[in-house]
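Content type PDB, C-alpha atoms, pLDDT in the B column, from the file upload-v7.pdb:
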```pdb
ATOM      1  CA  MET A   1      98.476 -86.926  -8.137  1.00 81.00           C
ATOM      2  CA  MET A   2     100.474 -88.750 -10.793  1.00 85.00           C
ATOM      3  CA  THR A   3     100.891 -87.312 -14.243  1.00 90.00           C
ATOM      4  CA  PRO A   4      99.530 -89.362 -17.147  1.00 90.00           C
ATOM      5  CA  ALA A   5     103.049 -89.971 -18.471  1.00 91.00           C
ATOM      6  CA  LEU A   6     104.216 -91.352 -15.124  1.00 93.00           C
ATOM      7  CA  LYS A   7     101.120 -93.556 -14.787  1.00 94.00           C
ATOM      8  CA  TYR A   8     101.630 -94.961 -18.277  1.00 94.00           C
ATOM      9  CA  THR A   9     105.354 -95.567 -17.743  1.00 94.00           C
ATOM     10  CA  LEU A  10     104.771 -97.326 -14.431  1.00 95.00           C
ATOM     11  CA  GLY A  11     102.020 -99.384 -16.038  1.00 95.00           C
ATOM     12  CA  ARG A  12     104.363-100.515 -18.805  1.00 96.00           C
ATOM     13  CA  VAL A  13     107.089-101.436 -16.319  1.00 97.00           C
ATOM     14  CA  GLY A  14     104.552-103.259 -14.157  1.00 97.00           C
ATOM     15  CA  LEU A  15     103.278-105.281 -17.112  1.00 97.00           C
ATOM     16  CA  PHE A  16     106.832-106.282 -17.993  1.00 97.00           C
ATOM     17  CA  VAL A  17     107.569-107.358 -14.421  1.00 97.00           C
ATOM     18  CA  LEU A  18     104.344-109.384 -14.261  1.00 97.00           C
ATOM     19  CA  CYS A  19     105.154-111.131 -17.535  1.00 97.00           C
ATOM     20  CA  ALA A  20     108.723-111.848 -16.414  1.00 96.00           C
ATOM     21  CA  VAL A  21     107.584-113.242 -13.059  1.00 97.00           C
ATOM     22  CA  ALA A  22     104.969-115.406 -14.781  1.00 97.00           C
ATOM     23  CA  LEU A  23     107.722-116.924 -16.941  1.00 97.00           C
ATOM     24  CA  LEU A  24     110.050-117.775 -14.036  1.00 95.00           C
ATOM     25  CA  PRO A  25     108.931-121.417 -13.680  1.00 95.00           C
ATOM     26  CA  VAL A  26     109.280-122.043 -17.434  1.00 95.00           C
ATOM     27  CA  PRO A  27     112.493-124.005 -18.168  1.00 95.00           C
ATOM     28  CA  LEU A  28     114.090-121.585 -20.634  1.00 95.00           C
ATOM     29  CA  ASN A  29     117.210-119.450 -20.734  1.00 96.00           C
ATOM     30  CA  ILE A  30     116.735-116.234 -18.685  1.00 95.00           C
ATOM     31  CA  TRP A  31     117.395-114.075 -21.777  1.00 96.00           C
ATOM     32  CA  VAL A  32     114.722-115.897 -23.768  1.00 96.00           C
ATOM     33  CA  LYS A  33     112.279-115.409 -20.880  1.00 97.00           C
ATOM     34  CA  LEU A  34     113.056-111.683 -20.765  1.00 96.00           C
ATOM     35  CA  MET A  35     112.612-111.326 -24.533  1.00 97.00           C
ATOM     36  CA  ILE A  36     109.254-113.100 -24.332  1.00 97.00           C
ATOM     37  CA  ALA A  37     108.272-110.834 -21.429  1.00 97.00           C
ATOM     38  CA  VAL A  38     109.166-107.744 -23.466  1.00 97.00           C
ATOM     39  CA  VAL A  39     107.091-108.861 -26.449  1.00 97.00           C
ATOM     40  CA  ALA A  40     104.152-109.982 -24.288  1.00 97.00           C
ATOM     41  CA  SER A  41     104.112-106.775 -22.233  1.00 97.00           C
ATOM     42  CA  PHE A  42     104.276-104.703 -25.424  1.00 96.00           C
ATOM     43  CA  ALA A  43     101.265-106.518 -26.828  1.00 95.00           C
ATOM     44  CA  LEU A  44      99.310-106.317 -23.577  1.00 95.00           C
ATOM     45  CA  GLN A  45      99.935-102.601 -23.081  1.00 95.00           C
ATOM     46  CA  HIS A  46      98.092-101.799 -26.319  1.00 94.00           C
ATOM     47  CA  VAL A  47      94.958-103.371 -24.885  1.00 94.00           C
ATOM     48  CA  LEU A  48      95.237-102.820 -21.143  1.00 95.00           C
ATOM     49  CA  LEU A  49      96.790 -99.346 -21.021  1.00 95.00           C
ATOM     50  CA  ARG A  50      94.854 -97.696 -23.866  1.00 95.00           C
ATOM     51  CA  LYS A  51      93.149 -95.112 -21.603  1.00 95.00           C
ATOM     52  CA  TRP A  52      96.400 -94.090 -19.904  1.00 94.00           C
ATOM     53  CA  ARG A  53      98.163 -93.860 -23.275  1.00 94.00           C
ATOM     54  CA  GLN A  54      95.423 -91.534 -24.594  1.00 95.00           C
ATOM     55  CA  GLU A  55      95.695 -89.370 -21.459  1.00 94.00           C
ATOM     56  CA  MET A  56      99.460 -89.140 -21.922  1.00 94.00           C
ATOM     57  CA  ILE A  57      99.077 -88.216 -25.600  1.00 94.00           C
ATOM     58  CA  GLY A  58      96.610 -85.475 -24.613  1.00 94.00           C
ATOM     59  CA  GLN A  59      99.066 -84.110 -22.057  1.00 93.00           C
ATOM     60  CA  VAL A  60     101.912 -84.068 -24.596  1.00 93.00           C
ATOM     61  CA  ASP A  61      99.707 -82.420 -27.241  1.00 94.00           C
ATOM     62  CA  ALA A  62      98.642 -79.699 -24.810  1.00 93.00           C
ATOM     63  CA  ALA A  63     102.264 -79.017 -23.857  1.00 92.00           C
ATOM     64  CA  MET A  64     103.305 -78.826 -27.512  1.00 95.00           C
ATOM     65  CA  ALA A  65     100.445 -76.417 -28.333  1.00 94.00           C
ATOM     66  CA  ARG A  66     101.389 -74.211 -25.369  1.00 95.00           C
ATOM     67  CA  ARG A  67     105.052 -74.143 -26.439  1.00 94.00           C
ATOM     68  CA  ARG A  68     104.099 -73.383 -30.049  1.00 94.00           C
ATOM     69  CA  GLN A  69     101.934 -70.490 -28.854  1.00 94.00           C
ATOM     70  CA  GLU A  70     104.730 -69.111 -26.669  1.00 94.00           C
ATOM     71  CA  LYS A  71     107.189 -69.425 -29.554  1.00 93.00           C
ATOM     72  CA  ASP A  72     104.829 -67.523 -31.880  1.00 91.00           C
ATOM     73  CA  LYS A  73     104.431 -64.767 -29.263  1.00 91.00           C
ATOM     74  CA  LEU A  74     108.195 -64.488 -28.897  1.00 91.00           C
ATOM     75  CA  ARG A  75     108.707 -64.343 -32.679  1.00 89.00           C
ATOM     76  CA  SER A  76     106.067 -61.606 -32.940  1.00 89.00           C
ATOM     77  CA  ALA A  77     107.698 -59.616 -30.157  1.00 87.00           C
ATOM     78  CA  LEU A  78     111.141 -59.970 -31.740  1.00 88.00           C
ATOM     79  CA  ALA A  79     109.741 -58.881 -35.104  1.00 87.00           C
ATOM     80  CA  GLY A  80     108.413 -55.718 -33.451  1.00 84.00           C
ATOM     81  CA  GLU A  81     104.742 -56.570 -33.765  1.00 76.00           C
ATOM     82  CA  ASP A  82     102.308 -55.501 -31.075  1.00 64.00           C
ATOM     83  CA  VAL A  83     101.530 -58.745 -29.240  1.00 51.00           C
ATOM     84  CA  GLU A  84      98.141 -57.530 -27.953  1.00 57.00           C
ATOM     85  CA  ASN A  85      96.456 -56.755 -31.264  1.00 56.00           C
ATOM     86  CA  GLY A  86      98.900 -58.145 -33.813  1.00 52.00           C
ATOM     87  CA  ASP A  87      99.609 -54.770 -35.488  1.00 54.00           C
ATOM     88  CA  GLN A  88     102.907 -53.181 -36.326  1.00 53.00           C
ATOM     89  CA  PRO A  89     103.831 -50.389 -33.899  1.00 52.00           C
ATOM     90  CA  THR A  90     103.467 -46.841 -35.167  1.00 52.00           C
ATOM     91  CA  ARG A  91     106.677 -44.903 -35.558  1.00 50.00           C
TER      92      ARG A  91
END
```
Can I see the file as structure tokens?
Amino acid sequence: MMTPALKYTLGRVGLFVLCAVALLPVPLNIWVKLMIAVVASFALQHVLLRKWRQEMIGQVDAAMARRRQEKDKLRSALAGEDVENGDQPTR
């Protein structure tokens, strides 16, 4: 199964390729065609890839929350706090 980030990235690349191929018969400089394809694919991805973008954002948010939680646990352990109940150890 593909991760949401990979799906979204492949979708963006695919949109760019489709836009670039659609512009091949247009009699313009290749660089102008590629710039138009970049702008068009950027605009289209906001509409067509909205669901995949939201899935990717959810995945990134979950990873950040997990890392923040692990960092807080590590800070508590380094400060000498009891990780299980949050109290200072008795000495």
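Candidate residues A:Leu49, A:Leu23, A:Leu44, A:Val60 were compared for distance to Thr9 (chain A), and the nearest is A:Leu49, using only C-alpha atoms.
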Next item on the list: One decimal, Å: what's the distance from CA of Ala43 (chain A) over to CA of Ala22 (chain A), could you say?
Entry: 15.4 Å
Next item on the list: Within 12 Å of region 12-19 of chain A, counting all atoms listed in the file, which residues show up once you throw out same-chain ones fewer than 5 positions away? Write them as a list in words, please.
Entry: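 The residues satisfying every condition are Ala5, Leu6, Lys7, Leu24, Pro25, Val26, Lys33, Leu34, Met35, Ile36, Ala37, Val38, Val39, Ala40, Ser41, Phe42, Ala43, Leu44, Gln45, His46, Val47, Leu48, Leu49, Arg50, Trp52 and Arg53 of chain A.
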